Amino acid sequence: MSAHGTSGHRGGAGDDPFDEGGTSVLRQPMAVWATAGASVVAFMGIGLVDPILPSIAKGLHASNSQVSLLFTSYFLITAVAMLVTGFVSSRIGGRKTLLAGLALVVVFAALSGTSSSVGELVGFRAGWGLGNALFVSTSLAVIVGAANPIGASRSDSARGGGGRRVGGSAAAILLYESALGLGMACGPLLGAVLGDMKWRYPFFGTAVLMAVGFLAITVFLKEQPRPARKTSVLDPIKALGHGGLASAAVSAFFYNYAFFTVLAFTPFVLDMSPYKSGGVFFAWGVLLAVFSVLVAPRLQERFGSLKVLGGSLVLLAVDLLVLGYGNHVTAVVCTILSGAFIGLNNTVFTELALGVSDAPRPVASAGYNFVRWFAAAAAPFLAPKIEEWTDIHIPFVVAALAALVGAGIVAVRRRALTIRAHELEPQHATEDGVSAFAS
C-alpha cells in the first residue's frame, strides 16, 4: 500500500496511527494484563544492571568497556533473534513462544548471578537476550491481538456492553508502553536495592519475578489461533521493503543509539552509589512512563505524530549535549529529563512500526526491532571506546548527532511515514494471527 497524505495529525481524517477516539487503556481482558505484567519484568531486566555496573566491574575486575558488553551481547542476540521470533510463534503459537522466552530468561538470569568472570556474565546475558526477544516481540502482538480479537469487527473490538469503549489497538499499545516505562523505572530501583547487598542478587531477583510471570501467562492466556500462513525467517526482511516501515526502522536505529548511550554509558559518568544511581534512573523511568502513556497521546492529538517525534528527537539531542558538557548536577538533571523525550519517541515509533505498512503486525514488529536493536548493541560498546579515544564529552556529542539524524529521516520521509491506519486495521485484524482470549 502506498502512503498518502501529508500530516500525521490525530483527530483529522484518520491520518494518524491507531486513532480510536478515546479508547480506555484500563479496560482490557485479563490476558492483556497478564502479558503486560510479565512485560514489566522483562523490561526491568534491561535497566537492572544500570546502578550496579561499577559494582560488577569492581567485583569481576573488569574495565568499563568490558562491563558494557553486558548490554552489547544482550541486544545483539536480541536483534538477530527478531528474525526467528515470527518463524517460531507462527508454528508453535504465541502462548508457547511467550512461555519459551520466559523460561529462557529465568534460566539465564539465574546463571548470570553465578558468574565468576565477566566473560561468563556476557555469555549468560546473550542467552537472556534470546529469551527476551522471543517474549518481547510476541508480547506486543499478543497484547494488541487480545484487545482486538480476530473475528471481531472494528466497532465490536472498541465497544463493550452499554456502548463503553474497551480494548483497541491504541489503548493496548499505550498499555505496552506503560509496561515498558514501569519496567525501565523499577529495574534500576530493584538493581539498586538488591545490588547494594551484593551485585549478584538482582539477577536472582529477576529470575524469581520472571518465574511469576511464567505462571501468570500459563493461567490467564489461552493459545491463540495461528496465522493462515506460516512466517518465514526472511519475512521481516521483506517487510522492510515497505518505504514507511524501513524509514521508521532506520530513524529508530539512530534514536536507539542515543537512547542506549544514556542507559549504558551515563552510569559511569555519574559515578554514584547503587542507591543514588538507582534513584536517578527510577526518576528517569517514571518520566518515561508518564510521557509514553499520558503526554504522548495528547501531544499527538494536538500537533500530529510526526511533528511530536521530530521535535522530541531534536530536544533529546540538545539534552544530550548539555548532559555531556554540564557539571555533575546538570548531568543528573539531564539524565532524568531524557526520560521524557525517550517516552515520547517510544510511543510514536511503536505505533508507526505496527501501523505504517500492510505487513502483519508480528512481522512488521520483527523487522523494525531487527534494525533498531543493533543500535542498542552498538551504543554500549562504542560509547566507552569513544571516551577512551577522545574524552568523556564526545560520546554524548555522537549520541546527539544520532538523534538529529533520526529527526532528519522523519522530516525527509514524512510522506512515507504518513498513513491512514483505519484502512489497514481490517487487514491487520485478519492477517496477524495474534488474537488471544482470557481464561
# chains A, B, ... in the order shown; residues from 1 in each chain; ligands from 1
call {"tool": "residues_around", "arguments": {"residues": "A:Gly129", "least_positions_apart": "3", "cutoff": "7 Å", "atoms": "only C-alpha atoms", "output": "list in words"}}
result
Tyr74, Phe75, Ile77, Thr78, Arg125, Ala126, Asn132 and Ala133 of chain A
call {"tool": "write_last_selection", "arguments": {"atoms": "C-alpha atoms", "output": "PDB file, in the first residue's frame"}}
result
ATOM      1  CA  TYR A  74      22.128  -8.890  25.179  1.00  0.00           C
ATOM      2  CA  PHE A  75      20.901  -6.633  22.380  1.00  0.00           C
ATOM      3  CA  ILE A  77      21.381 -11.553  20.213  1.00  0.00           C
ATOM      4  CA  THR A  78      18.009  -9.847  20.648  1.00  0.00           C
ATOM      5  CA  ARG A 125      23.301 -12.146  29.120  1.00  0.00           C
ATOM      6  CA  ALA A 126      23.322 -13.251  25.471  1.00  0.00           C
ATOM      7  CA  ASN A 132      13.757 -11.652  25.894  1.00  0.00           C
ATOM      8  CA  ALA A 133      13.487 -11.433  22.097  1.00  0.00           C
TER       9      ALA A 133
END
call {"tool": "residues_around", "arguments": {"residues": "A:Ala379", "least_positions_apart": "5", "cutoff": "6 Å", "atoms": "only C-alpha atoms", "output": "PyMOL selection string"}}
result
chain A and resi 257+260-261
call {"tool": "select_by_dssp", "arguments": {"residues": "stretch 219-409 of chain A", "states": "alpha helix (DSSP H)", "output": "PyMOL selection string"}}
result
chain A and resi 219-220+235-239+243-270+274-290+296-303+305-325+328-355+361-389+394-409
call {"tool": "closest_residue", "arguments": {"among": "A:Pro29, A:Gly113, A:Gly93, A:Arg372", "to": "A:Ser251", "atoms": "only C-alpha atoms"}}
result
A:Arg372
call {"tool": "residues_around", "arguments": {"residues": "stretch 176-182 of chain A", "least_positions_apart": "4", "cutoff": "8 Å", "atoms": "only C-alpha atoms", "output": "JSON, numbers by chain"}}
result
{"A": [36, 37, 39, 40, 43, 44, 140, 143, 172, 186, 285, 286, 288, 289, 290, 292, 293, 343, 346, 347]}
call {"tool": "closest_residue", "arguments": {"among": "A:Ala375, A:Leu306, A:Ile386, A:Val262", "to": "A:Leu337", "atoms": "only C-alpha atoms"}}
result
A:Val262
call {"tool": "closest_atom_pairs", "arguments": {"of": "stretch 172-268 of chain A", "to": "stretch 349-367 of chain A", "cutoff": "8 Å", "atoms": "only C-alpha atoms", "output": "CSV"}}
result
residue,atom,partner,partner_atom,distance
A:Ile173,CA,A:Glu351,CA,7.3
A:Thr231,CA,A:Val363,CA,7.7
A:Asp235,CA,A:Val363,CA,6.6
A:Pro236,CA,A:Gly367,CA,4.2
A:Ile237,CA,A:Gly367,CA,5.8
A:Ala239,CA,A:Ala364,CA,6.2
A:Leu240,CA,A:Gly367,CA,6.2
A:His242,CA,A:Ser357,CA,6.5
A:Gly244,CA,A:Val356,CA,5.9
A:Leu245,CA,A:Ser357,CA,6.0
A:Ala248,CA,A:Ala353,CA,6.4
A:Ala249,CA,A:Ala353,CA,7.4
A:Ala252,CA,A:Phe349,CA,7.0
call {"tool": "residues_around", "arguments": {"residues": "A:Gly45", "least_positions_apart": "2", "cutoff": "9 Å", "atoms": "only C-alpha atoms", "output": "PyMOL selection string"}}
result
chain A and resi 40-43+47-49+109+132+183-184+187-188+203+206
call {"tool": "atom_distance", "arguments": {"atom1": "atom CA of A:Val250", "atom2": "atom CA of A:Ile409"}}
result
7.9 Å
call {"tool": "closest_residue", "arguments": {"among": "A:Phe268, A:Phe341, A:Phe254, A:Phe108", "to": "A:His328", "atoms": "only C-alpha atoms"}}
result
A:Phe268
call {"tool": "atom_distance", "arguments": {"atom1": "atom CA of A:Leu99", "atom2": "atom CA of A:Pro380"}}
result
28.7 Å
call {"tool": "decode", "arguments": {"residues": "stretch 389-420 of chain A", "atoms": "N, CA, C and O atoms", "output": "PDB file, in the first residue's frame"}}
result
ATOM      1  N   TRP A 389      39.206   6.935  23.294  1.00  0.00           N
ATOM      2  CA  TRP A 389      39.909   7.513  22.152  1.00  0.00           C
ATOM      3  C   TRP A 389      39.955   9.043  22.216  1.00  0.00           C
ATOM      4  O   TRP A 389      40.873   9.650  21.657  1.00  0.00           O
ATOM      5  N   THR A 390      38.928   9.654  22.842  1.00  0.00           N
ATOM      6  CA  THR A 390      38.830  11.124  22.848  1.00  0.00           C
ATOM      7  C   THR A 390      38.756  11.632  24.296  1.00  0.00           C
ATOM      8  O   THR A 390      39.744  11.672  24.988  1.00  0.00           O
ATOM      9  N   ASP A 391      37.554  12.005  24.708  1.00  0.00           N
ATOM     10  CA  ASP A 391      37.330  12.404  26.101  1.00  0.00           C
ATOM     11  C   ASP A 391      35.887  12.098  26.470  1.00  0.00           C
ATOM     12  O   ASP A 391      35.110  11.602  25.643  1.00  0.00           O
ATOM     13  N   ILE A 392      35.499  12.415  27.694  1.00  0.00           N
ATOM     14  CA  ILE A 392      34.202  11.989  28.214  1.00  0.00           C
ATOM     15  C   ILE A 392      33.031  12.721  27.560  1.00  0.00           C
ATOM     16  O   ILE A 392      31.884  12.281  27.653  1.00  0.00           O
ATOM     17  N   HIS A 393      33.292  13.849  26.898  1.00  0.00           N
ATOM     18  CA  HIS A 393      32.211  14.631  26.288  1.00  0.00           C
ATOM     19  C   HIS A 393      31.757  14.071  24.942  1.00  0.00           C
ATOM     20  O   HIS A 393      30.576  14.141  24.601  1.00  0.00           O
ATOM     21  N   ILE A 394      32.701  13.535  24.176  1.00  0.00           N
ATOM     22  CA  ILE A 394      32.421  13.183  22.780  1.00  0.00           C
ATOM     23  C   ILE A 394      31.363  12.082  22.613  1.00  0.00           C
ATOM     24  O   ILE A 394      30.571  12.138  21.664  1.00  0.00           O
ATOM     25  N   PRO A 395      31.289  11.061  23.506  1.00  0.00           N
ATOM     26  CA  PRO A 395      30.211  10.075  23.332  1.00  0.00           C
ATOM     27  C   PRO A 395      28.820  10.701  23.309  1.00  0.00           C
ATOM     28  O   PRO A 395      27.933  10.230  22.576  1.00  0.00           O
ATOM     29  N   PHE A 396      28.639  11.787  24.061  1.00  0.00           N
ATOM     30  CA  PHE A 396      27.332  12.452  24.074  1.00  0.00           C
ATOM     31  C   PHE A 396      27.126  13.299  22.820  1.00  0.00           C
ATOM     32  O   PHE A 396      25.992  13.463  22.357  1.00  0.00           O
ATOM     33  N   VAL A 397      28.213  13.827  22.273  1.00  0.00           N
ATOM     34  CA  VAL A 397      28.109  14.545  21.005  1.00  0.00           C
ATOM     35  C   VAL A 397      27.679  13.587  19.892  1.00  0.00           C
ATOM     36  O   VAL A 397      26.801  13.902  19.080  1.00  0.00           O
ATOM     37  N   VAL A 398      28.298  12.410  19.862  1.00  0.00           N
ATOM     38  CA  VAL A 398      27.934  11.400  18.857  1.00  0.00           C
ATOM     39  C   VAL A 398      26.474  10.980  19.022  1.00  0.00           C
ATOM     40  O   VAL A 398      25.731  10.858  18.040  1.00  0.00           O
ATOM     41  N   ALA A 399      26.036  10.779  20.279  1.00  0.00           N
ATOM     42  CA  ALA A 399      24.645  10.391  20.533  1.00  0.00           C
ATOM     43  C   ALA A 399      23.681  11.491  20.101  1.00  0.00           C
ATOM     44  O   ALA A 399      22.615  11.214  19.530  1.00  0.00           O
ATOM     45  N   ALA A 400      24.054  12.744  20.357  1.00  0.00           N
ATOM     46  CA  ALA A 400      23.203  13.863  19.941  1.00  0.00           C
ATOM     47  C   ALA A 400      23.095  13.926  18.425  1.00  0.00           C
ATOM     48  O   ALA A 400      22.001  14.163  17.871  1.00  0.00           O
ATOM     49  N   LEU A 401      24.204  13.717  17.734  1.00  0.00           N
ATOM     50  CA  LEU A 401      24.171  13.693  16.265  1.00  0.00           C
ATOM     51  C   LEU A 401      23.292  12.561  15.749  1.00  0.00           C
ATOM     52  O   LEU A 401      22.566  12.723  14.760  1.00  0.00           O
ATOM     53  N   ALA A 402      23.348  11.410  16.418  1.00  0.00           N
ATOM     54  CA  ALA A 402      22.496  10.285  16.019  1.00  0.00           C
ATOM     55  C   ALA A 402      21.016  10.651  16.153  1.00  0.00           C
ATOM     56  O   ALA A 402      20.203  10.338  15.270  1.00  0.00           O
ATOM     57  N   ALA A 403      20.655  11.309  17.253  1.00  0.00           N
ATOM     58  CA  ALA A 403      19.258  11.732  17.439  1.00  0.00           C
ATOM     59  C   ALA A 403      18.842  12.711  16.347  1.00  0.00           C
ATOM     60  O   ALA A 403      17.707  12.653  15.837  1.00  0.00           O
ATOM     61  N   LEU A 404      19.736  13.616  15.963  1.00  0.00           N
ATOM     62  CA  LEU A 404      19.419  14.576  14.907  1.00  0.00           C
ATOM     63  C   LEU A 404      19.260  13.884  13.556  1.00  0.00           C
ATOM     64  O   LEU A 404      18.406  14.281  12.751  1.00  0.00           O
ATOM     65  N   VAL A 405      20.075  12.872  13.285  1.00  0.00           N
ATOM     66  CA  VAL A 405      19.913  12.101  12.048  1.00  0.00           C
ATOM     67  C   VAL A 405      18.537  11.432  12.028  1.00  0.00           C
ATOM     68  O   VAL A 405      17.845  11.420  11.006  1.00  0.00           O
ATOM     69  N   GLY A 406      18.123  10.878  13.189  1.00  0.00           N
ATOM     70  CA  GLY A 406      16.797  10.278  13.283  1.00  0.00           C
ATOM     71  C   GLY A 406      15.702  11.280  12.971  1.00  0.00           C
ATOM     72  O   GLY A 406      14.739  10.976  12.251  1.00  0.00           O
ATOM     73  N   ALA A 407      15.846  12.501  13.508  1.00  0.00           N
ATOM     74  CA  ALA A 407      14.867  13.551  13.232  1.00  0.00           C
ATOM     75  C   ALA A 407      14.879  13.933  11.759  1.00  0.00           C
ATOM     76  O   ALA A 407      13.815  14.188  11.165  1.00  0.00           O
ATOM     77  N   GLY A 408      16.066  13.980  11.157  1.00  0.00           N
ATOM     78  CA  GLY A 408      16.162  14.313   9.744  1.00  0.00           C
ATOM     79  C   GLY A 408      15.460  13.292   8.862  1.00  0.00           C
ATOM     80  O   GLY A 408      14.799  13.650   7.883  1.00  0.00           O
ATOM     81  N   ILE A 409      15.586  12.014   9.219  1.00  0.00           N
ATOM     82  CA  ILE A 409      14.907  10.966   8.450  1.00  0.00           C
ATOM     83  C   ILE A 409      13.396  11.130   8.540  1.00  0.00           C
ATOM     84  O   ILE A 409      12.673  10.979   7.545  1.00  0.00           O
ATOM     85  N   VAL A 410      12.895  11.456   9.721  1.00  0.00           N
ATOM     86  CA  VAL A 410      11.457  11.688   9.893  1.00  0.00           C
ATOM     87  C   VAL A 410      11.000  12.833   9.002  1.00  0.00           C
ATOM     88  O   VAL A 410       9.938  12.761   8.366  1.00  0.00           O
ATOM     89  N   ALA A 411      11.790  13.910   8.933  1.00  0.00           N
ATOM     90  CA  ALA A 411      11.412  15.066   8.123  1.00  0.00           C
ATOM     91  C   ALA A 411      11.445  14.743   6.634  1.00  0.00           C
ATOM     92  O   ALA A 411      10.510  15.066   5.890  1.00  0.00           O
ATOM     93  N   VAL A 412      12.505  14.090   6.196  1.00  0.00           N
ATOM     94  CA  VAL A 412      12.673  13.801   4.760  1.00  0.00           C
ATOM     95  C   VAL A 412      11.671  12.748   4.285  1.00  0.00           C
ATOM     96  O   VAL A 412      11.149  12.827   3.167  1.00  0.00           O
ATOM     97  N   ARG A 413      11.372  11.770   5.160  1.00  0.00           N
ATOM     98  CA  ARG A 413      10.500  10.656   4.775  1.00  0.00           C
ATOM     99  C   ARG A 413       9.075  10.824   5.319  1.00  0.00           C
ATOM    100  O   ARG A 413       8.362   9.850   5.505  1.00  0.00           O
ATOM    101  N   ARG A 414       8.688  12.063   5.536  1.00  0.00           N
ATOM    102  CA  ARG A 414       7.369  12.342   6.126  1.00  0.00           C
ATOM    103  C   ARG A 414       6.242  11.684   5.337  1.00  0.00           C
ATOM    104  O   ARG A 414       5.321  11.101   5.915  1.00  0.00           O
ATOM    105  N   ARG A 415       6.294  11.774   4.023  1.00  0.00           N
ATOM    106  CA  ARG A 415       5.199  11.227   3.210  1.00  0.00           C
ATOM    107  C   ARG A 415       5.101   9.709   3.370  1.00  0.00           C
ATOM    108  O   ARG A 415       4.012   9.155   3.488  1.00  0.00           O
ATOM    109  N   ALA A 416       6.235   9.024   3.393  1.00  0.00           N
ATOM    110  CA  ALA A 416       6.225   7.570   3.539  1.00  0.00           C
ATOM    111  C   ALA A 416       5.738   7.149   4.920  1.00  0.00           C
ATOM    112  O   ALA A 416       5.182   6.062   5.081  1.00  0.00           O
ATOM    113  N   LEU A 417       5.927   8.014   5.924  1.00  0.00           N
ATOM    114  CA  LEU A 417       5.543   7.682   7.295  1.00  0.00           C
ATOM    115  C   LEU A 417       4.110   8.068   7.625  1.00  0.00           C
ATOM    116  O   LEU A 417       3.619   7.765   8.705  1.00  0.00           O
ATOM    117  N   THR A 418       3.440   8.761   6.692  1.00  0.00           N
ATOM    118  CA  THR A 418       2.058   9.172   6.915  1.00  0.00           C
ATOM    119  C   THR A 418       1.120   8.086   6.417  1.00  0.00           C
ATOM    120  O   THR A 418       1.244   7.628   5.287  1.00  0.00           O
ATOM    121  N   ILE A 419       0.212   7.645   7.270  1.00  0.00           N
ATOM    122  CA  ILE A 419      -0.666   6.532   6.925  1.00  0.00           C
ATOM    123  C   ILE A 419      -2.102   6.847   7.269  1.00  0.00           C
ATOM    124  O   ILE A 419      -2.397   7.812   7.957  1.00  0.00           O
ATOM    125  N   ARG A 420      -2.987   6.005   6.776  1.00  0.00           N
ATOM    126  CA  ARG A 420      -4.385   6.015   7.205  1.00  0.00           C
ATOM    127  C   ARG A 420      -4.632   4.673   7.879  1.00  0.00           C
ATOM    128  O   ARG A 420      -4.956   3.690   7.243  1.00  0.00           O
TER     129      ARG A 420
END
